[in-house]
Amino acid sequence: MASSTVSSGTRRVRRQLPTSPWLFAAPGLLVAGAFILYPFVSTLVNSFTDRRTLVPGEFVGLANFRELLHDDMFWIGLRNSTLYVLGVVPALVLLPLLLAMLVQKTIPGITFFRSAFYTPVVASIVVVGLIWVWLLDERGLVNAVLETIGVGRIGFLSDQWLILLSAMAVTVWKGLGYYMIIYLAALANVPRELHEAAAVDGAGALRRFFTVTVPAVRSTMVLVAALASVAAFKVFSEVYLMAGPDGGPAGEDTTLVMLVQRTGTGLTGRVGYASAISVVVFVVTLVLMLLVLRADRKEES
């Protein structure tokens with residue numbers, strides 16, 4: 001009797017097993033479907049229509065993408081987003097690694113410095129951006145110091161290229177602590193014996209960095225490069241706060257994501273055209289990640 005009860009209970013559990021994992025995953029799948037999959041599919045569909053904010057729109061095929069090729073603002077946005085990647089990614093790959101090596105040492109008070117370096121990460125990007133705007137304003141602290149030492153005031157927020165460079169500096173400053181934590185986890189797995197053996201062989205600090213540290217954290221550097229590339233190409237808040245809603249002088253500092261926001265919002269927003277720009281942003285970020293991964297595989301081989 002007992003054995004038959006146990007066997008029937010086992011059969012019941014076995015019958016329930018195929019569906020049970022889906023019940024546990026259902027909440028997460030619903031959230032992902034509602035906030036990731038549906039918006040993605042909707043954007044893809046809208047990119048082939050002439051939909052506006054209050055008008056459903058009709059199918060226009062590749063008309064939006066053909067218009068992109070003749071839109072000067074699109075090329076300006078693509079140029080600025082590309083320059084942002086080229087300016088920000090190398091700094092966010094190397095500087096956090098050096099910072100992680102610096103705060104990795106166990107000395108009194110090092111926890112305070114780790115927390116201080118990580119503080120910008122948890123701060124709101126709007127707050128951080130406004131602080132930097134106040135600092136770099138023509139009457140801000142930075143220009144006041146420059147004028148005191150005889151350099152003169154610099155138009156950080158009025159010159160086309162200085163606005164872009166200032167936004168890059170904010171992105172790097174805010175991202176240092178985040179990527180530092182990633183590197184700290186990677187450096188903790190590097191055997192100390194490797195550094196000791198290299199030191200015994202007469203390798204200096206610089207040589208140990210390139211022959212021991214960099215090879216040991218190379219996979220982490222690839223991860224950081226991929227994450228930083230995607231984030232830099234999709235930059236919005238920093239440039240928006242520095243350059244203003246119009247994208248700086250004559251809109252010359254507009255990025256692709258700013259162009260999406262400007263084109264697709266408002267009562268007369270061109271949702272279909274903005275969706276086409278969004279699809280281009282998705283394709284370019286996907287290509288960036290594939291290029292980084294391919295370069296990593298080549299280096300491994």
# chains A, B, ... in the order shown; residues from 1 in each chain; ligands from 1
>>> closest_atom_pairs(of="range 116-232 of chain A", to="range 284-299 of chain A", cutoff="8 Å", atoms="only C-alpha atoms", output="tab-separated table")
residue	atom	partner	partner_atom	distance
A:Ser219	CA	A:Asp296	CA	7.7
A:Val222	CA	A:Val292	CA	6.8
A:Ala225	CA	A:Val292	CA	7.3
A:Ala226	CA	A:Met289	CA	5.4
A:Ser229	CA	A:Leu288	CA	7.0
A:Val230	CA	A:Thr285	CA	5.5
>>> closest_atom_pairs(of="range 97-175 of chain A", to="range 182-203 of chain A", cutoff="8 Å", atoms="only C-alpha atoms", output="Markdown table")
| residue | atom | partner | partner_atom | distance |
| --- | --- | --- | --- | --- |
| A:Leu97 | CA | A:Tyr183 | CA | 5.9 |
| A:Ala100 | CA | A:Leu184 | CA | 5.5 |
| A:Met101 | CA | A:Leu184 | CA | 7.5 |
| A:Gln104 | CA | A:Leu184 | CA | 6.8 |
>>> residues_around(residues="range 71-76 of chain A", least_positions_apart="4", cutoff="12 Å", atoms="only C-alpha atoms", output="PyMOL selection string")
chain A and resi 64-67+80-83+160+246-248+250-260+262-263+273-274+276-278+280-281
>>> write_last_selection(atoms="C-alpha atoms", output="short mmCIF file (atom, residue, chain, number, x, y, z; two decimals), in the first residue's frame")
data_model
loop_
_atom_site.label_atom_id
_atom_site.label_comp_id
_atom_site.auth_asym_id
_atom_site.auth_seq_id
_atom_site.Cartn_x
_atom_site.Cartn_y
_atom_site.Cartn_z
CA ASN A 64 12.12 55.86 -44.21
CA PHE A 65 15.52 54.21 -44.67
CA ARG A 66 15.97 55.83 -48.09
CA GLU A 67 15.17 59.20 -46.51
CA ASN A 80 28.89 62.24 -33.30
CA SER A 81 27.85 58.82 -31.96
CA THR A 82 30.83 57.20 -33.71
CA LEU A 83 33.23 59.83 -32.38
CA GLN A 160 30.78 72.38 -31.03
CA ASP A 246 18.71 71.51 -29.90
CA GLY A 247 22.01 69.64 -29.87
CA GLY A 248 24.42 72.55 -29.55
CA ALA A 250 23.05 74.51 -35.27
CA GLY A 251 22.42 71.02 -33.91
CA GLU A 252 26.01 69.97 -34.67
CA ASP A 253 26.32 67.97 -31.42
CA THR A 254 23.19 65.87 -31.98
CA THR A 255 23.61 62.13 -31.46
CA LEU A 256 21.46 59.42 -33.02
CA VAL A 257 19.46 58.80 -29.84
CA MET A 258 18.86 62.54 -29.46
CA LEU A 259 17.62 62.55 -33.05
CA VAL A 260 15.23 59.70 -32.24
CA ARG A 262 13.54 64.89 -31.21
CA THR A 263 11.93 63.28 -34.26
CA TYR A 273 10.95 57.76 -39.16
CA ALA A 274 12.22 57.73 -35.56
CA ALA A 276 13.87 53.63 -38.61
CA ILE A 277 16.67 55.54 -36.86
CA SER A 278 16.24 53.25 -33.84
CA VAL A 280 19.89 51.66 -37.42
CA VAL A 281 21.12 52.24 -33.85
#
>>> closest_residue(among="A:Ile181, A:Glu58, A:Ser42, A:Pro215", to="Tyr118 in chain A", atoms="only C-alpha atoms")
A:Ile181
>>> select_by_dssp(residues="range 19-174 of chain A", states="helix (DSSP H, G or I)", output="ChimeraX atom specification")
/A:20-46,63-68,72-103,110-122,125-136,141-148,160-174
>>> residues_around(residues="Leu141 in chain A", least_positions_apart="6", cutoff="12 Å", atoms="only C-alpha atoms", output="tab-separated table (two decimals) with C-alpha atoms, in the first residue's frame")
chain	number	residue	atom	x	y	z
A	131	ILE	CA	26.84	69.67	-11.71
A	132	TRP	CA	29.24	69.49	-14.65
A	133	VAL	CA	27.24	72.10	-16.55
A	134	TRP	CA	27.60	74.46	-13.60
A	135	LEU	CA	31.32	73.69	-13.37
A	147	GLU	CA	41.05	83.00	-15.61
A	148	THR	CA	42.86	83.26	-12.28
A	153	ARG	CA	37.80	81.61	-20.16
A	154	ILE	CA	37.06	78.68	-22.48
>>> closest_residue(among="A:Leu223, A:Leu176, A:Val212, A:Val283", to="Arg114 in chain A", atoms="only C-alpha atoms")
A:Leu176
>>> closest_residue(among="A:Ala116, A:Leu62, A:Leu86, A:Leu69", to="Ala228 in chain A", atoms="only C-alpha atoms")
A:Leu86
>>> closest_atom_pairs(of="range 193-280 of chain A", to="range 50-55 of chain A", cutoff="9 Å", atoms="only C-alpha atoms", output="JSON lines")
{"residue": "A:Gly264", "atom": "CA", "partner": "A:Thr53", "partner_atom": "CA", "distance": 7.6}
{"residue": "A:Thr265", "atom": "CA", "partner": "A:Thr53", "partner_atom": "CA", "distance": 7.3}
{"residue": "A:Gly266", "atom": "CA", "partner": "A:Thr53", "partner_atom": "CA", "distance": 7.1}
{"residue": "A:Leu267", "atom": "CA", "partner": "A:Thr53", "partner_atom": "CA", "distance": 5.8}
{"residue": "A:Thr268", "atom": "CA", "partner": "A:Thr53", "partner_atom": "CA", "distance": 6.0}
{"residue": "A:Gly269", "atom": "CA", "partner": "A:Thr53", "partner_atom": "CA", "distance": 5.3}
{"residue": "A:Arg270", "atom": "CA", "partner": "A:Arg52", "partner_atom": "CA", "distance": 4.6}
{"residue": "A:Val271", "atom": "CA", "partner": "A:Arg52", "partner_atom": "CA", "distance": 4.9}
{"residue": "A:Gly272", "atom": "CA", "partner": "A:Arg51", "partner_atom": "CA", "distance": 4.8}
{"residue": "A:Tyr273", "atom": "CA", "partner": "A:Asp50", "partner_atom": "CA", "distance": 7.0}
>>> atom_distance(atom1="CA of Leu162 in chain A", atom2="CA of Pro120 in chain A")
22.0 Å
>>> atom_distance(atom1="CA of Leu146 in chain A", atom2="CA of Met242 in chain A")
19.6 Å
>>> closest_residue(among="A:Gly57, A:Phe40, A:Val93, A:Val88", to="Val217 in chain A", atoms="only C-alpha atoms")
A:Val93
>>> atom_distance(atom1="CA of Ser166 in chain A", atom2="CA of Val239 in chain A")
8.6 Å
>>> closest_residue(among="A:Ala63, A:Ala34, A:Val235, A:Ser124", to="Asn46 in chain A", atoms="only C-alpha atoms")
A:Ala63
